[in-house]
file model-v6.txt (compact mmCIF, C-alpha atoms)
# COMPACT_ATOMS: atom_id res chain seq x y z
CA MET G 23 21.30 8.43 11.47
CA SER G 24 18.03 10.06 10.43
CA ALA G 25 14.82 11.07 12.18
CA LEU G 26 11.76 9.05 11.25
CA THR G 27 8.31 10.60 11.41
CA ILE G 28 5.58 8.82 13.33
CA ARG G 29 2.13 9.31 11.81
CA ARG G 30 -1.38 8.71 13.09
CA LEU G 31 -3.49 7.45 10.22
CA HIS G 32 -6.92 9.04 9.76
CA ILE G 33 -8.94 5.96 8.86
CA ASP G 34 -11.72 4.20 10.72
CA LEU G 35 -11.44 0.43 10.47
CA GLY G 36 -14.44 -0.15 12.71
CA LEU G 37 -16.74 -0.87 9.77
CA PRO G 38 -16.47 -4.12 7.75
CA ILE G 39 -14.35 -4.26 4.60
CA PRO G 40 -15.46 -5.74 1.24
CA ARG G 41 -14.63 -9.42 0.83
CA HIS G 42 -12.85 -8.84 -2.51
CA TRP G 43 -11.65 -5.35 -1.69
CA CYS G 44 -8.81 -5.35 -4.26
CA GLY G 45 -10.76 -4.29 -7.33
CA GLY G 46 -13.06 -7.30 -7.01
CA ASP G 47 -10.11 -9.59 -7.76
CA ALA G 48 -10.04 -12.74 -5.61
CA PHE G 49 -6.36 -13.60 -6.10
CA ARG G 50 -4.94 -10.14 -5.47
CA THR G 51 -7.17 -9.74 -2.43
CA ALA G 52 -6.01 -13.10 -1.04
CA PHE G 53 -2.37 -12.19 -1.71
CA PHE G 54 -2.44 -8.85 0.10
CA ASN G 55 -4.60 -10.31 2.89
CA ALA G 56 -1.85 -12.89 3.40
CA LEU G 57 0.75 -10.13 3.68
CA SER G 58 -1.38 -8.29 6.21
CA MET G 59 -1.70 -11.47 8.29
CA SER G 60 2.09 -11.57 8.69
CA PHE G 61 2.45 -8.00 9.88
CA PRO G 62 1.36 -7.84 13.54
CA ARG G 63 3.73 -10.57 14.72
CA GLY G 64 6.39 -9.62 12.18
CA GLU G 65 6.39 -5.96 13.16
CA GLN G 66 6.70 -6.88 16.83
CA PHE G 67 9.67 -9.12 16.02
CA PHE G 68 11.36 -6.23 14.18
CA ILE G 69 10.76 -3.88 17.11
CA ASP G 70 12.17 -6.36 19.61
CA ALA G 71 15.15 -7.22 17.39
CA VAL G 72 16.20 -3.61 16.79
CA ARG G 73 15.68 -2.61 20.43
CA ARG G 74 17.73 -5.55 21.67
CA GLY G 75 20.40 -4.92 19.05
CA VAL G 76 20.78 -1.27 20.02
CA SER G 77 20.83 -2.11 23.72
CA SER G 78 23.80 -4.42 23.03
CA LEU G 79 25.88 -1.55 21.64
CA PRO G 80 28.36 0.48 23.71
CA PRO G 81 26.70 3.59 25.22
CA ASP G 82 28.30 6.04 22.78
CA GLN G 83 27.04 4.09 19.74
CA ARG G 84 23.66 3.50 21.35
CA ALA G 85 23.07 7.22 21.72
CA ALA G 86 23.61 7.76 18.01
CA PHE G 87 20.65 5.48 17.24
CA ASP G 88 18.28 6.90 19.83
CA THR G 89 16.20 9.23 17.64
CA GLU G 90 15.99 6.94 14.63
CA VAL G 91 15.07 3.86 16.65
CA LYS G 92 12.29 5.75 18.44
CA GLY G 93 10.88 6.63 15.04
CA PHE G 94 11.32 3.08 13.75
CA VAL G 95 9.54 1.62 16.77
CA GLY G 96 6.75 4.17 16.49
CA GLN G 97 6.16 3.44 12.82
CA GLU G 98 6.26 -0.33 13.22
CA ALA G 99 4.01 -0.28 16.28
CA THR G 100 1.46 1.74 14.32
CA HIS G 101 1.65 -0.73 11.41
CA ARG G 102 1.11 -3.58 13.85
CA ARG G 103 -1.97 -1.95 15.34
CA ILE G 104 -3.60 -0.94 12.05
CA HIS G 105 -3.09 -4.34 10.42
CA GLY G 106 -4.35 -6.03 13.57
CA LEU G 107 -7.63 -4.15 13.10
CA PHE G 108 -7.70 -5.02 9.39
CA ASN G 109 -6.98 -8.68 10.13
CA GLY G 110 -9.89 -8.76 12.56
CA HIS G 111 -12.22 -8.24 9.59
CA LEU G 112 -10.53 -11.07 7.70
CA GLU G 113 -11.18 -13.40 10.63
CA VAL G 114 -14.86 -12.44 10.59
CA GLN G 115 -14.90 -13.31 6.88
CA GLY G 116 -13.75 -16.84 7.75
CA LEU G 117 -10.07 -16.57 6.85
CA VAL G 118 -7.61 -18.38 9.12
CA ASN G 119 -4.18 -16.92 9.89
CA HIS G 120 -1.74 -19.84 9.83
CA TRP G 121 1.28 -17.63 9.08
CA GLU G 122 1.24 -16.03 12.51
CA ALA G 123 1.53 -19.38 14.31
CA ARG G 124 4.48 -20.47 12.16
CA GLY G 125 6.17 -17.14 12.77
CA LYS G 126 5.70 -17.45 16.51
CA ARG G 127 7.42 -20.85 16.58
CA ARG G 128 10.38 -19.63 14.51
CA GLN G 129 10.83 -16.40 16.42
CA ALA G 130 11.00 -18.24 19.73
CA SER G 131 14.29 -19.79 18.59
CA THR G 132 15.95 -16.35 18.34
CA ALA G 133 15.21 -15.25 21.91
CA LEU G 134 18.55 -16.41 23.36
CA ALA G 135 20.62 -16.14 20.17
CA ASP G 136 23.24 -13.53 19.37
CA PRO G 137 21.29 -10.27 18.80
CA ARG G 138 22.87 -10.01 15.34
CA HIS G 139 20.78 -13.02 14.32
CA ALA G 140 17.40 -11.33 14.81
CA VAL G 141 18.67 -7.98 13.48
CA GLY G 142 20.11 -9.67 10.37
CA ILE G 143 16.76 -11.36 9.75
CA THR G 144 15.00 -8.04 10.27
CA ALA G 145 17.32 -6.22 7.84
CA ALA G 146 16.72 -8.88 5.18
CA THR G 147 12.95 -8.75 5.63
CA GLU G 148 12.97 -4.95 5.56
CA HIS G 149 14.65 -5.05 2.16
CA LEU G 150 11.98 -7.42 0.83
CA THR G 151 9.18 -5.22 2.14
CA ALA G 152 10.86 -2.06 0.82
CA ILE G 153 11.18 -3.34 -2.74
CA LEU G 154 7.64 -4.72 -2.62
CA SER G 155 6.48 -1.33 -1.37
CA GLU G 156 8.27 0.49 -4.18
CA TRP G 157 6.58 -1.79 -6.69
CA GLY G 158 3.18 -1.23 -5.05
CA LEU G 159 3.52 2.55 -5.15
CA ALA G 160 4.64 2.37 -8.79
CA HIS G 161 1.58 0.27 -9.77
CA PRO G 162 -1.32 1.60 -7.70
CA GLU G 163 -3.84 0.25 -10.20
CA LEU G 164 -3.01 -3.31 -9.11
CA LEU G 165 -3.96 -2.56 -5.52
CA ARG G 166 -6.66 0.05 -5.94
CA SER G 167 -9.74 -0.61 -3.83
CA THR G 168 -13.22 0.81 -3.96
CA ASP G 169 -12.77 1.37 -0.20
CA ASP G 170 -10.62 4.47 0.31
CA ARG G 171 -9.67 3.35 3.82
CA ILE G 172 -7.83 0.37 2.40
CA ASN G 173 -6.07 2.40 -0.28
CA THR G 174 -4.80 4.79 2.37
CA MET G 175 -3.71 1.98 4.69
CA TRP G 176 -1.60 0.18 2.10
CA PHE G 177 0.01 3.20 0.45
CA TRP G 178 0.83 4.76 3.84
CA HIS G 179 2.37 1.47 4.98
CA PHE G 180 4.37 1.16 1.74
CA SER G 181 5.69 4.69 2.15
CA GLU G 182 6.88 4.16 5.70
CA GLU G 183 8.52 0.82 4.84
CA ILE G 184 10.63 2.65 2.27
CA GLU G 185 11.29 5.48 4.71
CA HIS G 186 12.82 3.23 7.40
CA LYS G 187 14.42 0.61 5.14
CA SER G 188 17.96 1.37 6.40
CA THR G 189 17.41 1.26 10.16
CA ALA G 190 17.84 -2.47 10.79
CA ILE G 191 20.86 -2.88 8.55
CA ASP G 192 22.57 0.10 10.19
CA VAL G 193 22.08 -1.57 13.58
CA TYR G 194 23.33 -4.88 12.15
CA LEU G 195 26.51 -3.24 10.86
CA ALA G 196 27.05 -1.37 14.13
CA LEU G 197 26.89 -4.74 15.90
CA GLY G 198 29.70 -5.99 13.68
CA GLY G 199 27.50 -8.17 11.49
CA SER G 200 29.40 -9.63 8.55
CA ASP G 201 28.56 -9.29 4.87
CA THR G 202 28.63 -13.07 4.50
CA TRP G 203 25.98 -13.58 7.15
CA ARG G 204 23.94 -10.65 5.85
CA VAL G 205 23.51 -12.53 2.56
CA ARG G 206 22.88 -15.86 4.30
CA TYR G 207 20.09 -14.35 6.35
CA TYR G 208 18.64 -12.85 3.18
CA ARG G 209 18.54 -16.13 1.31
CA LEU G 210 16.93 -17.87 4.29
CA VAL G 211 14.38 -15.11 4.80
CA THR G 212 13.49 -15.04 1.11
CA ARG G 213 12.84 -18.79 1.02
CA LEU G 214 10.70 -18.81 4.15
CA PHE G 215 8.86 -15.62 3.19
CA LEU G 216 7.87 -16.93 -0.25
CA ILE G 217 6.76 -20.30 1.12
CA ASP G 218 4.69 -18.71 3.86
CA LEU G 219 3.18 -16.14 1.51
CA ALA G 220 2.17 -18.82 -1.01
CA ARG G 221 0.70 -21.09 1.67
CA GLN G 222 -1.33 -18.33 3.28
CA THR G 223 -2.55 -16.98 -0.06
CA PHE G 224 -3.72 -20.42 -1.15
CA ASN G 225 -5.36 -20.99 2.23
CA ASN G 226 -7.17 -17.68 1.93
CA LEU G 227 -8.50 -18.66 -1.49
CA TRP G 228 -9.63 -22.01 -0.12
CA HIS G 229 -11.63 -20.43 2.71
CA ASP G 230 -12.91 -17.77 0.32
CA GLY G 231 -14.33 -20.43 -2.00
CA THR G 232 -12.49 -19.05 -5.04
CA TRP G 233 -9.68 -21.64 -5.22
CA TRP G 234 -11.23 -23.53 -8.16
CA ARG G 235 -12.25 -20.59 -10.34
CA PRO G 236 -10.25 -20.31 -13.60
CA SER G 237 -10.45 -16.52 -13.28
CA THR G 238 -8.56 -16.73 -9.98
CA TRP G 239 -5.54 -18.40 -11.58
CA ALA G 240 -5.69 -16.26 -14.72
CA SER G 241 -5.40 -13.25 -12.42
CA ALA G 242 -2.53 -14.91 -10.54
CA VAL G 243 -0.53 -15.39 -13.75
CA ARG G 244 -1.07 -11.78 -14.84
CA PHE G 245 -0.32 -10.37 -11.40
CA LEU G 246 2.82 -12.42 -10.81
CA PHE G 247 4.27 -12.89 -14.29
CA GLY G 248 2.64 -10.32 -16.58
CA ARG G 249 4.40 -7.40 -18.27
CA GLN G 250 4.24 -5.37 -15.05
CA GLY G 251 4.07 -8.43 -12.84
CA LEU G 252 5.58 -8.81 -9.42
CA VAL G 253 8.19 -11.46 -10.21
CA PRO G 254 9.92 -9.82 -13.20
CA ALA G 255 9.72 -6.37 -11.61
CA LEU G 256 11.37 -7.44 -8.37
CA ARG G 257 14.09 -9.66 -9.83
CA GLN G 258 16.76 -6.95 -10.06
CA PRO G 259 15.91 -5.16 -6.78
CA TRP G 260 15.98 -8.54 -5.03
CA LYS G 261 19.44 -9.31 -6.45
CA ALA G 262 20.78 -5.96 -5.23
CA TYR G 263 20.97 -7.21 -1.65
CA LEU G 264 23.44 -9.90 -2.77
CA ILE G 265 25.98 -7.31 -3.92
CA PRO G 266 28.99 -7.13 -1.57
CA HIS G 267 28.60 -4.37 1.04
CA PHE G 268 25.15 -3.43 -0.24
CA HIS G 269 23.23 -0.77 1.67
CA PRO G 270 19.56 0.14 1.06
CA SER G 271 20.46 3.82 0.72
CA GLN G 272 22.07 2.94 -2.60
CA MET G 273 18.57 2.40 -4.02
CA HIS G 274 16.89 5.78 -4.39
CA ASN G 275 13.14 6.04 -4.81
CA GLU G 276 11.01 9.17 -4.51
CA SER G 277 7.61 7.46 -4.60
CA ALA G 278 7.25 7.25 -0.82
CA GLY G 279 8.01 10.92 -0.24
CA GLN G 280 5.70 11.89 -3.08
CA TRP G 281 2.76 9.90 -1.68
CA LEU G 282 3.30 11.32 1.81
CA ARG G 283 3.45 14.88 0.45
CA ASP G 284 0.37 14.39 -1.74
CA ASN G 285 -1.71 12.82 1.05
CA ARG G 286 -1.01 14.97 4.11
CA ASP G 287 -4.71 14.97 4.94
CA ALA G 288 -4.58 11.21 5.47
CA TYR G 289 -2.51 11.43 8.65
CA SER G 290 -1.30 13.64 11.45
CA LEU G 291 2.17 13.76 12.96
CA VAL G 292 2.83 12.25 16.37
CA SER G 293 5.31 13.96 18.67
CA PRO G 294 8.12 11.78 20.06
CA ALA G 295 6.74 12.15 23.57
CA SER G 296 3.42 10.57 22.59
CA GLN G 297 4.63 8.09 20.01
CA ALA G 298 3.18 4.62 19.68
CA THR G 299 4.90 2.05 21.87
CA ALA G 300 5.28 -1.71 21.68
call {"tool": "encode", "arguments": {"input": "model-v6.txt", "output": "structure tokens"}}
result
Amino acid sequence: MSALTIRRLHIDLGLPIPRHWCGGDAFRTAFFNALSMSFPRGEQFFIDAVRRGVSSLPPDQRAAFDTEVKGFVGQEATHRRIHGLFNGHLEVQGLVNHWEARGKRRQASTALADPRHAVGITAATEHLTAILSEWGLAHPELLRSTDDRINTMWFWHFSEEIEHKSTAIDVYLALGGSDTWRVRYYRLVTRLFLIDLARQTFNNLWHDGTWWRPSTWASAVRFLFGRQGLVPALRQPWKAYLIPHFHPSQMHNESAGQWLRDNRDAYSLVSPASQATA
């Protein structure tokens, strides 16, 4: 088990954000806006899943997770709050969050299920967000905004996703979750995640009025399939989760720690006693 640091981000999201904040690029902006729309409900699901999973463990095992889970909850609750503020600006811009409603319906079906179900889904999703975060930190030019608040928000979030990428799977394994079901959850989560991400991105472009522009789709091809594109870059990291007895700690990446060290002025540390709560 490891201690996870809870950070208070020093950005003010009270002022509006640019419509095409991602370097003026409509497709990349719509793509990352779609991701942000999934976070408030998704982060709450992760918090609830891990808490319930740990509470189902015998007392001696539960105690071993206490410090790490407090950090995990604090980080995810902060992500939920910050992206909720960001998403408020997207709503003002006329974008409609359909992903959240679909997520709410699906998550309701896990409420009475074996706690391993929700934790397995959480572990799978955490791997997807961790490898996406590693890619984002490795290619900051593809996300760079003229608004420093947004740069800080995304790179901080990426760094913390990498930092706590092992928490959910450790809880899943402690609950006796099998390797077979770990992979099944991952395949299911990947399919639903990609469908939801595509649908919300396209919907964002539709409401933005940039759906029909050739430049939008030229950007999409470069961003997704170019030399440094998302799809080819994530193919191998995605496959890693399918390896028997895979654990996220087997994938080492220093980018998160480096960003956090280089940007200490962007946040302050929160003591456990005053951490964010769900």
call {"tool": "closest_atom_pairs", "arguments": {"input": "model-v6.txt", "of": "stretch 33-101 of chain G", "to": "stretch 143-151 of chain G", "cutoff": "8 Å", "atoms": "all atoms listed in the file", "output": "CSV"}}
result
residue,atom,partner,partner_atom,distance
G:Phe67,CA,G:Thr144,CA,7.9
G:Phe68,CA,G:Thr144,CA,5.6
G:Ala71,CA,G:Thr144,CA,7.2
G:Val72,CA,G:Thr144,CA,8.0
call {"tool": "closest_residue", "arguments": {"input": "model-v6.txt", "among": "G:Arg249, G:Lys261, G:Arg213, G:Arg29", "to": "G:Phe94", "atoms": "all atoms listed in the file"}}
result
G:Arg29
call {"tool": "atom_distance", "arguments": {"input": "model-v6.txt", "atom1": "atom CA of G:Ile39", "atom2": "atom CA of G:Thr238"}}
result
20.0 Å
call {"tool": "atom_distance", "arguments": {"input": "model-v6.txt", "atom1": "atom CA of G:Arg41", "atom2": "atom CA of G:Ala288"}}
result
23.4 Å
call {"tool": "closest_residue", "arguments": {"input": "model-v6.txt", "among": "G:Trp121, G:Phe54, G:Tyr263, G:Trp43", "to": "G:Arg221", "atoms": "all atoms listed in the file"}}
result
G:Trp121
call {"tool": "atom_distance", "arguments": {"input": "model-v6.txt", "atom1": "atom CA of G:Phe245", "atom2": "atom CA of G:Gly46"}}
result
13.8 Å
call {"tool": "closest_residue", "arguments": {"input": "model-v6.txt", "among": "G:Asp218, G:Asp201, G:Asp82, G:Glu182", "to": "G:Leu264", "atoms": "only C-alpha atoms"}}
result
G:Asp201
call {"tool": "closest_residue", "arguments": {"input": "model-v6.txt", "among": "G:Gly251, G:Trp239, G:Thr174, G:Val193", "to": "G:His269", "atoms": "all atoms listed in the file"}}
result
G:Val193
call {"tool": "closest_residue", "arguments": {"input": "model-v6.txt", "among": "G:Ile172, G:Ile217, G:Val91, G:Ala85", "to": "G:Leu107", "atoms": "all atoms listed in the file"}}
result
G:Ile172
call {"tool": "closest_residue", "arguments": {"input": "model-v6.txt", "among": "G:Tyr289, G:Asn55, G:Thr232, G:Gly142", "to": "G:Trp203", "atoms": "all atoms listed in the file"}}
result
G:Gly142
